[in-house]
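Asks: Compact mmCIF, C-alpha atoms and all ligand atoms, file structure.txt:
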```txt
# COMPACT_ATOMS: atom_id res chain seq x y z
CA MET J 1 14.82 42.41 16.78
CA ASN J 2 13.77 44.85 14.11
CA ASP J 3 13.15 42.26 11.45
CA ALA J 4 10.33 42.91 9.03
CA ASN J 5 10.23 39.25 8.11
CA HIS J 6 9.94 37.95 11.61
CA HIS J 7 6.25 37.15 11.94
CA PRO J 8 5.77 35.48 15.30
CA GLU J 9 2.03 35.88 14.87
CA ALA J 10 1.85 34.54 11.30
CA ALA J 11 0.22 31.18 10.68
CA PRO J 12 2.63 28.32 10.09
CA ILE J 13 3.39 27.50 6.45
CA ARG J 14 3.04 23.79 5.91
CA MET J 15 4.27 21.37 3.26
CA LEU J 16 0.73 20.07 2.78
CA ASP J 17 -2.80 21.34 3.29
CA LEU J 18 -4.87 18.19 2.92
CA ARG J 19 -7.65 19.53 5.12
CA GLY J 20 -7.86 22.64 2.94
CA GLU J 21 -8.09 20.43 -0.13
CA TYR J 22 -10.84 18.37 1.47
CA ALA J 23 -12.86 21.51 2.07
CA ILE J 24 -12.76 22.19 -1.70
CA PHE J 25 -14.08 18.72 -2.54
CA ALA J 26 -16.39 18.07 0.40
CA GLY J 27 -19.59 19.12 -1.35
CA SER J 28 -19.16 17.14 -4.55
CA LEU J 29 -17.68 14.15 -2.74
CA ARG J 30 -20.68 13.51 -0.58
CA ASP J 31 -22.98 12.51 -3.48
CA ARG J 32 -20.43 10.24 -5.10
CA LEU J 33 -19.63 8.50 -1.83
CA GLU J 34 -23.28 8.04 -0.90
CA ASN J 35 -23.85 6.41 -4.28
CA VAL J 36 -21.03 3.95 -3.67
CA LEU J 37 -22.15 3.20 -0.13
CA ALA J 38 -25.70 2.54 -1.28
CA SER J 39 -24.61 0.45 -4.30
CA GLY J 40 -23.40 -2.51 -2.26
CA HIS J 41 -20.34 -2.69 -4.53
CA TYR J 42 -17.16 -1.96 -2.56
CA ILE J 43 -14.26 -3.36 -4.57
CA GLY J 44 -13.76 -2.65 -8.26
CA GLY J 45 -17.05 -1.80 -9.92
CA PRO J 46 -18.18 1.11 -12.08
CA ALA J 47 -16.22 3.83 -10.25
CA VAL J 48 -12.94 1.93 -10.74
CA ALA J 49 -13.70 1.36 -14.43
CA GLU J 50 -14.58 5.03 -14.79
CA LEU J 51 -11.33 6.11 -13.13
CA GLU J 52 -9.32 3.79 -15.38
CA LYS J 53 -11.03 5.16 -18.46
CA ALA J 54 -10.61 8.78 -17.35
CA LEU J 55 -6.89 8.35 -16.75
CA ALA J 56 -6.27 6.37 -19.93
CA THR J 57 -7.94 9.10 -21.95
CA ARG J 58 -6.30 11.92 -20.07
CA GLN J 59 -2.76 10.52 -20.23
CA SER J 60 -3.19 9.23 -23.83
CA VAL J 61 -2.40 5.64 -22.92
CA LYS J 62 -4.04 2.46 -24.20
CA HIS J 63 -4.68 0.81 -20.82
CA ALA J 64 -4.96 2.03 -17.24
CA ILE J 65 -5.26 -0.61 -14.52
CA ALA J 66 -6.23 0.53 -11.04
CA ILE J 67 -4.06 -0.98 -8.32
CA SER J 68 -4.10 -0.99 -4.51
CA ASN J 69 -1.15 1.42 -4.23
CA GLY J 70 1.84 2.71 -6.18
CA SER J 71 4.26 0.14 -4.78
CA ASP J 72 1.92 -2.69 -5.80
CA ALA J 73 1.61 -1.08 -9.24
CA LEU J 74 5.40 -1.38 -9.65
CA LEU J 75 5.35 -4.91 -8.21
CA CYS J 76 2.49 -6.08 -10.44
CA ALA J 77 4.13 -4.54 -13.54
CA LEU J 78 7.43 -6.29 -12.76
CA MET J 79 5.54 -9.58 -12.32
CA ALA J 80 3.77 -9.03 -15.65
CA LEU J 81 7.15 -8.44 -17.31
CA GLY J 82 8.34 -11.77 -15.90
CA ILE J 83 11.22 -10.20 -13.94
CA GLY J 84 12.51 -12.53 -11.22
CA ARG J 85 15.37 -14.49 -9.71
CA GLY J 86 18.73 -14.03 -11.45
CA ASP J 87 17.64 -10.83 -13.18
CA GLU J 88 19.10 -7.38 -12.63
CA VAL J 89 16.98 -4.23 -12.77
CA ILE J 90 18.66 -0.85 -13.10
CA ILE J 91 17.19 1.91 -10.93
CA PRO J 92 18.38 5.27 -9.60
CA THR J 93 19.82 5.23 -6.09
CA PHE J 94 18.22 8.61 -5.42
CA THR J 95 14.51 7.79 -5.17
CA PHE J 96 11.83 6.66 -2.75
CA PHE J 97 12.38 3.17 -1.33
CA ALA J 98 9.53 1.47 -3.23
CA THR J 99 11.41 1.56 -6.55
CA ALA J 100 14.07 -0.75 -5.12
CA GLY J 101 11.88 -2.67 -2.68
CA THR J 102 9.62 -4.00 -5.42
CA VAL J 103 12.59 -5.20 -7.51
CA HIS J 104 13.86 -7.10 -4.48
CA ARG J 105 10.39 -8.52 -3.80
CA VAL J 106 10.13 -10.19 -7.24
CA GLY J 107 13.49 -11.84 -6.48
CA ALA J 108 15.59 -9.70 -8.82
CA ALA J 109 18.62 -7.59 -7.87
CA PRO J 110 18.33 -3.80 -7.87
CA VAL J 111 21.38 -2.23 -9.55
CA PHE J 112 21.83 1.30 -8.27
CA VAL J 113 22.88 4.14 -10.56
CA ASP J 114 23.91 7.66 -9.60
CA CYS J 115 21.80 10.73 -10.37
CA ASP J 116 22.33 13.69 -12.64
CA PRO J 117 23.52 16.70 -10.59
CA ARG J 118 21.05 19.08 -12.22
CA THR J 119 17.77 17.18 -12.62
CA TYR J 120 18.42 14.56 -9.85
CA ASN J 121 17.11 11.90 -12.25
CA ILE J 122 19.11 8.83 -13.31
CA ASP J 123 22.46 9.64 -14.96
CA ILE J 124 22.36 8.34 -18.52
CA GLU J 125 26.10 7.71 -19.01
CA LYS J 126 26.30 5.82 -15.71
CA LEU J 127 23.17 3.86 -16.61
CA LYS J 128 24.90 2.60 -19.77
CA LYS J 129 27.89 1.39 -17.73
CA ALA J 130 25.60 -0.56 -15.35
CA ILE J 131 24.22 -2.86 -18.05
CA THR J 132 25.35 -6.50 -17.81
CA ALA J 133 24.26 -9.78 -19.41
CA LYS J 134 21.77 -10.18 -16.55
CA THR J 135 20.08 -6.80 -16.97
CA LYS J 136 16.41 -7.27 -17.83
CA ALA J 137 14.83 -3.89 -17.16
CA VAL J 138 15.31 -0.25 -16.25
CA ILE J 139 13.00 1.71 -13.95
CA PRO J 140 13.49 5.42 -14.57
CA VAL J 141 11.95 7.52 -11.77
CA HIS J 142 10.50 10.92 -12.60
CA LEU J 143 11.72 12.40 -9.38
CA PHE J 144 9.98 15.41 -7.78
CA GLY J 145 7.66 15.69 -10.81
CA GLN J 146 10.10 15.93 -13.70
CA CYS J 147 10.63 13.21 -16.32
CA ALA J 148 13.94 11.39 -16.61
CA ASP J 149 15.57 11.57 -20.06
CA MET J 150 13.23 9.05 -21.67
CA ALA J 151 14.45 9.41 -25.27
CA SER J 152 17.94 8.31 -24.20
CA ILE J 153 16.63 5.58 -21.89
CA LEU J 154 14.31 4.09 -24.52
CA ALA J 155 17.13 4.12 -27.10
CA ILE J 156 19.50 2.32 -24.70
CA ALA J 157 16.80 -0.18 -23.73
CA ASP J 158 16.04 -0.86 -27.36
CA GLU J 159 19.69 -1.47 -28.15
CA HIS J 160 20.07 -3.94 -25.24
CA GLY J 161 16.60 -5.52 -25.31
CA LEU J 162 15.57 -4.20 -21.88
CA ALA J 163 12.07 -3.59 -20.58
CA VAL J 164 11.34 -0.05 -19.36
CA LEU J 165 8.91 0.63 -16.51
CA GLU J 166 8.42 4.28 -15.59
CA ASP J 167 8.04 5.09 -11.91
CA ALA J 168 5.76 8.09 -12.36
CA ALA J 169 4.48 8.05 -8.77
CA GLN J 170 5.56 11.68 -8.27
CA ALA J 171 4.85 12.89 -11.78
CA ILE J 172 1.21 12.61 -12.81
CA ASP J 173 0.57 15.35 -15.40
CA ALA J 174 4.29 15.88 -16.12
CA THR J 175 5.17 15.63 -19.80
CA GLN J 176 8.26 15.17 -21.94
CA ASP J 177 8.07 16.30 -25.56
CA GLY J 178 4.30 16.40 -25.11
CA ARG J 179 3.93 12.84 -23.79
CA PHE J 180 2.67 12.10 -20.31
CA ALA J 181 4.84 10.64 -17.57
CA GLY J 182 4.05 6.96 -17.23
CA ALA J 183 2.79 6.76 -20.81
CA ILE J 184 6.13 7.22 -22.59
CA ALA J 185 7.52 3.70 -22.07
CA PRO J 186 5.42 0.53 -22.60
CA MET J 187 4.59 0.53 -18.86
CA GLY J 188 4.37 3.07 -16.07
CA ALA J 189 3.16 3.28 -12.48
CA LEU J 190 1.30 6.06 -10.67
CA SER J 191 0.62 6.51 -6.96
CA PHE J 192 -2.39 8.13 -5.32
CA TYR J 193 -0.85 8.22 -1.85
CA PRO J 194 -2.46 11.21 -0.09
CA THR J 195 0.61 13.44 -0.46
CA LYS J 196 1.06 12.80 -4.19
CA ASN J 197 -0.10 15.33 -6.81
CA LEU J 198 -3.32 13.35 -7.29
CA GLY J 199 -3.73 12.14 -3.73
CA GLY J 200 -6.59 9.97 -2.59
CA PHE J 201 -7.97 9.57 0.91
CA GLY J 202 -6.11 6.31 1.43
CA GLU J 203 -3.80 4.09 -0.61
CA GLY J 204 -4.14 3.82 -4.37
CA GLY J 205 -2.17 3.38 -7.59
CA MET J 206 -2.43 2.76 -11.32
CA ILE J 207 -0.51 0.90 -14.00
CA LEU J 208 -0.41 2.65 -17.38
CA CYS J 209 0.29 0.28 -20.25
CA GLN J 210 0.57 0.54 -24.02
CA ASN J 211 0.65 -3.23 -24.68
CA ASP J 212 -2.51 -5.37 -24.79
CA ASP J 213 -0.92 -8.62 -23.55
CA LEU J 214 0.88 -6.96 -20.64
CA ALA J 215 -2.27 -5.08 -19.67
CA LEU J 216 -4.31 -8.29 -19.60
CA ARG J 217 -1.61 -9.95 -17.51
CA CYS J 218 -1.70 -7.06 -15.04
CA ARG J 219 -5.49 -7.36 -14.75
CA GLN J 220 -5.14 -11.05 -13.98
CA LEU J 221 -2.22 -10.56 -11.59
CA ARG J 222 -4.26 -7.94 -9.72
CA ASN J 223 -6.76 -10.66 -8.91
CA HIS J 224 -4.53 -13.62 -7.90
CA GLY J 225 -3.75 -14.53 -11.51
CA GLN J 226 -7.37 -15.49 -12.06
CA SER J 227 -8.51 -15.91 -15.70
CA LYS J 228 -12.12 -16.68 -14.76
CA LEU J 229 -13.68 -17.15 -11.36
CA TYR J 230 -11.57 -19.62 -9.33
CA PHE J 231 -9.34 -20.59 -12.28
CA HIS J 232 -5.77 -19.34 -11.91
CA ASP J 233 -3.24 -19.26 -14.77
CA PHE J 234 -0.46 -17.99 -12.53
CA VAL J 235 0.11 -16.63 -9.03
CA GLY J 236 -0.60 -12.93 -8.62
CA GLY J 237 -1.77 -11.04 -5.58
CA ASN J 238 -4.60 -8.95 -4.22
CA PHE J 239 -3.75 -5.66 -5.89
CA ARG J 240 -7.33 -4.39 -6.22
CA LEU J 241 -8.54 -0.83 -5.63
CA ASP J 242 -11.57 -0.08 -3.44
CA THR J 243 -14.62 1.50 -5.04
CA LEU J 244 -14.81 4.33 -2.51
CA LYS J 245 -11.22 5.31 -3.22
CA ALA J 246 -11.89 5.38 -6.96
CA ALA J 247 -14.93 7.61 -6.40
CA ILE J 248 -12.80 9.99 -4.33
CA LEU J 249 -10.08 10.06 -6.99
CA LEU J 250 -12.63 10.79 -9.73
CA THR J 251 -13.74 13.82 -7.74
CA LYS J 252 -10.19 15.01 -7.09
CA LEU J 253 -9.24 14.46 -10.73
CA GLU J 254 -11.57 17.33 -11.65
CA LYS J 255 -9.11 19.77 -10.06
CA LEU J 256 -5.83 18.16 -11.13
CA THR J 257 -5.19 20.54 -14.03
CA ALA J 258 -5.78 23.56 -11.80
CA PHE J 259 -3.64 22.13 -8.99
CA THR J 260 -0.79 21.36 -11.40
CA ALA J 261 -0.95 24.93 -12.72
CA ALA J 262 -0.91 26.28 -9.14
CA ARG J 263 2.20 24.23 -8.30
CA ALA J 264 3.93 25.50 -11.46
CA ALA J 265 3.01 29.10 -10.63
CA ASN J 266 4.29 28.69 -7.07
CA ALA J 267 7.55 27.24 -8.41
CA ALA J 268 7.94 30.08 -10.92
CA LEU J 269 7.53 32.63 -8.13
CA TYR J 270 10.18 30.88 -6.00
CA ASP J 271 12.50 30.78 -9.03
CA GLU J 272 12.13 34.53 -9.41
CA LEU J 273 12.42 35.40 -5.70
CA LEU J 274 15.37 33.09 -5.03
CA ALA J 275 17.41 34.09 -8.08
CA GLY J 276 20.82 35.36 -6.98
CA SER J 277 20.26 34.26 -3.36
CA GLY J 278 23.00 31.64 -3.54
CA VAL J 279 20.75 28.58 -3.27
CA VAL J 280 20.41 26.33 -6.31
CA THR J 281 16.82 26.27 -7.63
CA PRO J 282 15.35 23.37 -9.68
CA ARG J 283 16.49 22.96 -13.26
CA VAL J 284 14.08 21.76 -15.87
CA GLY J 285 15.43 19.36 -18.49
CA ARG J 286 14.91 19.77 -22.21
CA GLY J 287 11.36 19.09 -23.36
CA ASN J 288 10.05 18.71 -19.82
CA ARG J 289 6.97 20.06 -18.13
CA HIS J 290 7.80 19.81 -14.41
CA VAL J 291 4.82 19.37 -12.06
CA TYR J 292 6.71 20.16 -8.84
CA HIS J 293 5.62 17.31 -6.63
CA GLN J 294 8.49 18.81 -4.65
CA TYR J 295 10.30 22.12 -5.11
CA CYS J 296 13.83 21.30 -3.98
CA ILE J 297 16.75 23.65 -3.50
CA LEU J 298 20.40 22.84 -2.81
CA THR J 299 22.36 24.61 -0.13
CA PRO J 300 25.53 23.60 1.68
CA ARG J 301 24.02 24.68 5.04
CA ARG J 302 20.85 22.69 4.57
CA ASP J 303 20.28 21.63 8.17
CA GLU J 304 20.80 25.18 9.50
CA LEU J 305 18.45 26.61 6.87
CA LYS J 306 15.84 23.98 7.75
CA LYS J 307 16.08 25.04 11.40
CA HIS J 308 15.91 28.73 10.49
CA LEU J 309 12.70 28.11 8.53
CA ALA J 310 11.23 25.95 11.32
CA ASP J 311 12.04 28.68 13.88
CA HIS J 312 9.90 31.01 11.77
CA GLY J 313 7.01 28.59 11.38
CA VAL J 314 7.88 27.25 7.93
CA GLU J 315 7.96 23.51 7.28
CA SER J 316 10.42 21.95 4.85
CA GLY J 317 11.37 18.39 3.97
CA ILE J 318 14.43 16.29 3.19
CA TYR J 319 13.85 13.95 0.24
CA TYR J 320 15.95 11.89 0.65
CA PRO J 321 18.52 11.82 3.46
CA LEU J 322 20.16 8.51 2.44
CA PRO J 323 20.56 7.04 -1.08
CA LEU J 324 19.20 3.54 -1.49
CA HIS J 325 22.57 1.86 -2.16
CA ARG J 326 23.53 2.83 1.42
CA GLN J 327 20.37 1.44 3.05
CA PRO J 328 21.14 -1.37 5.53
CA CYS J 329 18.62 -3.71 3.87
CA PHE J 330 20.59 -3.58 0.62
CA ALA J 331 24.01 -4.20 2.19
CA TYR J 332 23.82 -7.74 0.76
CA LEU J 333 24.21 -6.28 -2.75
CA GLU J 334 27.69 -5.05 -1.77
CA THR J 335 27.42 -1.89 -3.84
CA PRO J 336 30.66 0.07 -3.26
CA LYS J 337 29.91 2.91 -0.84
CA ASP J 338 31.47 5.51 -3.13
CA HIS J 339 29.50 4.23 -6.12
CA CYS J 340 27.16 7.25 -6.33
CA PRO J 341 29.05 10.42 -5.33
CA VAL J 342 26.48 12.81 -6.83
CA ALA J 343 23.59 11.23 -4.91
CA ASP J 344 25.69 11.29 -1.72
CA ASP J 345 26.34 14.98 -2.20
CA VAL J 346 22.73 15.84 -3.07
CA CYS J 347 21.37 13.94 -0.05
CA GLY J 348 23.42 16.23 2.20
CA ARG J 349 22.35 19.51 0.57
CA ILE J 350 18.78 19.12 -0.67
CA LEU J 351 15.77 20.78 0.92
CA ALA J 352 12.14 20.75 -0.24
CA LEU J 353 10.12 23.94 0.27
CA PRO J 354 6.33 24.11 0.56
CA VAL J 355 4.91 24.24 -2.99
CA GLN J 356 1.44 22.70 -2.53
CA PRO J 357 -1.35 24.16 -4.66
CA LEU J 358 -3.18 26.06 -1.90
CA LEU J 359 -0.13 28.08 -0.88
CA THR J 360 -0.68 31.84 -1.24
CA GLU J 361 1.62 34.37 -2.85
CA PRO J 362 2.35 36.16 0.47
CA GLU J 363 3.30 32.78 1.97
CA ILE J 364 5.76 32.09 -0.85
CA ARG J 365 7.19 35.59 -0.50
CA ARG J 366 7.64 35.01 3.24
CA VAL J 367 9.48 31.70 2.68
CA ALA J 368 11.73 33.24 0.01
CA GLU J 369 12.49 36.27 2.20
CA LEU J 370 13.41 34.00 5.12
CA ILE J 371 15.83 32.15 2.84
CA ARG J 372 17.36 35.39 1.54
CA ASP J 373 17.74 36.66 5.12
CA PHE J 374 19.48 33.46 6.12
CA GLN J 375 21.80 33.63 3.14
CA ARG J 376 22.70 37.26 3.88
CA LYS J 377 23.25 36.97 7.62
CA GLU J 378 25.14 33.74 7.89
CA ARG J 379 27.39 33.91 4.90
C1 LIG F 401 5.17 7.23 -3.50
C2 LIG F 401 6.13 6.54 -4.38
C3 LIG F 401 6.02 5.18 -4.70
C4 LIG F 401 5.04 4.25 -4.02
O1 LIG F 401 3.74 4.63 -4.00
P1 LIG F 401 2.79 4.16 -2.79
O2 LIG F 401 1.43 4.47 -3.33
O3 LIG F 401 3.16 4.94 -1.59
O4 LIG F 401 2.98 2.70 -2.60
C5 LIG F 401 6.92 4.64 -5.59
N1 LIG F 401 7.90 5.37 -6.13
C6 LIG F 401 8.05 6.67 -5.84
C7 LIG F 401 9.16 7.43 -6.50
C8 LIG F 401 7.19 7.30 -4.95
O5 LIG F 401 7.38 8.59 -4.65
```
Could you show the structure in this file as structure tokens?
Ligand SMILES: *Cc1c(COP(=O)(O)O)cnc(C)c1O

Replies:
Amino acid sequence: MNDANHHPEAAPIRMLDLRGEYAIFAGSLRDRLENVLASGHYIGGPAVAELEKALATRQSVKHAIAISNGSDALLCALMALGIGRGDEVIIPTFTFFATAGTVHRVGAAPVFVDCDPRTYNIDIEKLKKAITAKTKAVIPVHLFGQCADMASILAIADEHGLAVLEDAAQAIDATQDGRFAGAIAPMGALSFYPTKNLGGFGEGGMILCQNDDLALRCRQLRNHGQSKLYFHDFVGGNFRLDTLKAAILLTKLEKLTAFTAARAANAALYDELLAGSGVVTPRVGRGNRHVYHQYCILTPRRDELKKHLADHGVESGIYYPLPLHRQPCFAYLETPKDHCPVADDVCGRILALPVQPLLTEPEIRRVAELIRDFQRKER
């Protein structure tokens, strides 16, 4: 095969390079971690307070409350909002499971709404139609690192008296009209799962909150609803963050701006190289700064393209293969199967390409060339 782009000897191109990232931080991490280990303080403590302060300042939000993980951040925020049995919470069907799972866990019913065919975020017109007398809240998800249409969502919520909780797990550093994801609505949740844009070395999350009372409630809920030691105003959970994890996140936070810029540059290069290839590249909504947690393309021959890339040593990912309204665990909600045709279609055609910050330009060129080859040969 006389194929200039066939590189049997080339190193594989992976979706993530967490070991490469560790190498960047290893030196500065060691001191911080030694300090924590020697301090005798392993849960909460100064590093957690410092991380909360750093994120509150950085994202221009009144309160930041460190939480055990992103799912618990959503759960704790829903508890603080008093969402429970008999309530309905509107969420997109095209998202990671945790958005729906946490609504179920507080005893409320997730109400699934279809996604917009261009941004993959919740469809605003369909959201309006999903509101009933039982609707208490909306959780917009900033999928793949791009904000949902928050101006419209906040206006609708205002009109109907609904709470809004942003699921910004994939979108730290994304902005809409200059405001940070998770800090646009009164409450938002971040995740520091290792693969997220600010990934820790373990589980971690954060609630962002603009309201003093809700923030205090979250702090209490995080610690079993305790108001002072062994006095409990209500039942919460153990949603605390470990000190070591906070110290690690503080170190990684130093590079977040640079890593976000690298993801954006990688995405811009893909946009340029894939233009006219026949695959649909990501579209950025009005006023949005996209942080490319994932760089997703649409192609009707998704599974064949995925195999073609894998055969040439390039990883890719499918986020997500099945919309949440079709998950067996939510069959009890009896959502009509054809309720979300756009999400159904997208789930069958979407493919995430490597876009992580340590990717090199030749690697991106190789991925794009493999896609162009595939498009040319198999059309
Ligand atoms: C990762 C993620 C979560 C949950 O975060 P964890 O830290 O893994 O619990 C919630 N929502 C979305 C959209 C996510 O991508």

Asks: Out of J:Arg222, J:Arg366, J:His142, J:Arg58, which residue has the shortest atom-to-atom distance to ligand LIG 401 (chain F) when counting all atoms listed in the file?

Replies: J:His142

Asks: Hey, which residues come within 6 Å of ligand LIG 401 (chain F) if we count all atoms listed in the file? Could you give them as a list of chain:residue names?

Replies: J:Asn69, J:Gly70, J:Ser71, J:Thr95, J:Phe96, J:Ala98, J:Thr99, J:Val141, J:Asp167, J:Ala169, J:Gln170, J:Ser191, J:Phe192, J:Tyr193, J:Glu203, J:Gly204, J:Gly205

Asks: Please determine, counting only C-alpha atoms, which residue among J:Leu324, J:Leu216, J:Ala11, J:Leu274 has the shortest atom-to-atom distance to Ala100 (chain J).

Replies: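 Closest to Ala100 (chain J) of all the choices is J:Leu324.
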
Asks: Leaving out region 144-146 of chain J and any residue of its chain fewer than 5 positions from it, which residues lie within 10 Å of it when counting all atoms listed in the file, given as number ranges by chain?

Replies: J: 95, 119-121, 168-176, 181, 196-197, 282-285, 288-296, 319, 352

Asks: For those residues, write C-alpha atoms to a file as an mmCIF file, in the coordinates of the input.

Replies:
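Result written to out-v4.cif:
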```
data_model
loop_
_atom_site.group_PDB
_atom_site.id
_atom_site.type_symbol
_atom_site.label_atom_id
_atom_site.label_comp_id
_atom_site.auth_asym_id
_atom_site.auth_seq_id
_atom_site.Cartn_x
_atom_site.Cartn_y
_atom_site.Cartn_z
ATOM 1 C CA THR J 95 14.510 7.790 -5.170
ATOM 2 C CA THR J 119 17.770 17.180 -12.620
ATOM 3 C CA TYR J 120 18.420 14.560 -9.850
ATOM 4 C CA ASN J 121 17.110 11.900 -12.250
ATOM 5 C CA ALA J 168 5.760 8.090 -12.360
ATOM 6 C CA ALA J 169 4.480 8.050 -8.770
ATOM 7 C CA GLN J 170 5.560 11.680 -8.270
ATOM 8 C CA ALA J 171 4.850 12.890 -11.780
ATOM 9 C CA ILE J 172 1.210 12.610 -12.810
ATOM 10 C CA ASP J 173 0.570 15.350 -15.400
ATOM 11 C CA ALA J 174 4.290 15.880 -16.120
ATOM 12 C CA THR J 175 5.170 15.630 -19.800
ATOM 13 C CA GLN J 176 8.260 15.170 -21.940
ATOM 14 C CA ALA J 181 4.840 10.640 -17.570
ATOM 15 C CA LYS J 196 1.060 12.800 -4.190
ATOM 16 C CA ASN J 197 -0.100 15.330 -6.810
ATOM 17 C CA PRO J 282 15.350 23.370 -9.680
ATOM 18 C CA ARG J 283 16.490 22.960 -13.260
ATOM 19 C CA VAL J 284 14.080 21.760 -15.870
ATOM 20 C CA GLY J 285 15.430 19.360 -18.490
ATOM 21 C CA ASN J 288 10.050 18.710 -19.820
ATOM 22 C CA ARG J 289 6.970 20.060 -18.130
ATOM 23 C CA HIS J 290 7.800 19.810 -14.410
ATOM 24 C CA VAL J 291 4.820 19.370 -12.060
ATOM 25 C CA TYR J 292 6.710 20.160 -8.840
ATOM 26 C CA HIS J 293 5.620 17.310 -6.630
ATOM 27 C CA GLN J 294 8.490 18.810 -4.650
ATOM 28 C CA TYR J 295 10.300 22.120 -5.110
ATOM 29 C CA CYS J 296 13.830 21.300 -3.980
ATOM 30 C CA TYR J 319 13.850 13.950 0.240
ATOM 31 C CA ALA J 352 12.140 20.750 -0.240
#
```

Asks: May I have a table of the residues of region 171-280 of chain J lying at most 12 Å from region 124-139 of chain J, giving each one's closest pair of atoms and their distance in Å to one decimal, counting all atoms listed in the file, ordered by chain and ascending residue number, as CSV?

Replies:
```
residue,atom,partner,partner_atom,distance
J:Gly182,CA,J:Ile139,CA,10.9
J:Ala185,CA,J:Ile139,CA,10.0
J:Pro186,CA,J:Ile139,CA,11.6
J:Met187,CA,J:Ile139,CA,9.8
J:Gly188,CA,J:Ile139,CA,9.0
J:Ala189,CA,J:Ile139,CA,10.1
```

Asks: From the options J:Ala268, J:Leu81, J:Ala109, J:Ala64, which residue's atoms come nearest to Ala163 (chain J), counting all atoms listed in the file?

Replies: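 Among the listed residues, the smallest separation from Ala163 (chain J) belongs to J:Leu81.
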
Asks: Near Thr335 (chain J), counting only C-alpha atoms, which residues have an atom at most 9 Å away, once you skip same-chain residues fewer than 2 positions from it, shown as a PyMOL selection string?

Replies: chain J and resi 111-112+325-326+330-333+337-339

Asks: So the first atom is CA of Asp158 (chain J) and the second is CA of Gly86 (chain J); what is the distance between them in Å, to one decimal place?

Replies: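 So the two atoms, CA of Asp158 (chain J) and CA of Gly86 (chain J), lie 20.8 Å apart.
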
Asks: Smallest atom-to-atom distance to Gly82 (chain J): which of J:Val355, J:Leu305, J:Ala108, J:Val314, using all atoms listed in the file?

Replies: J:Ala108
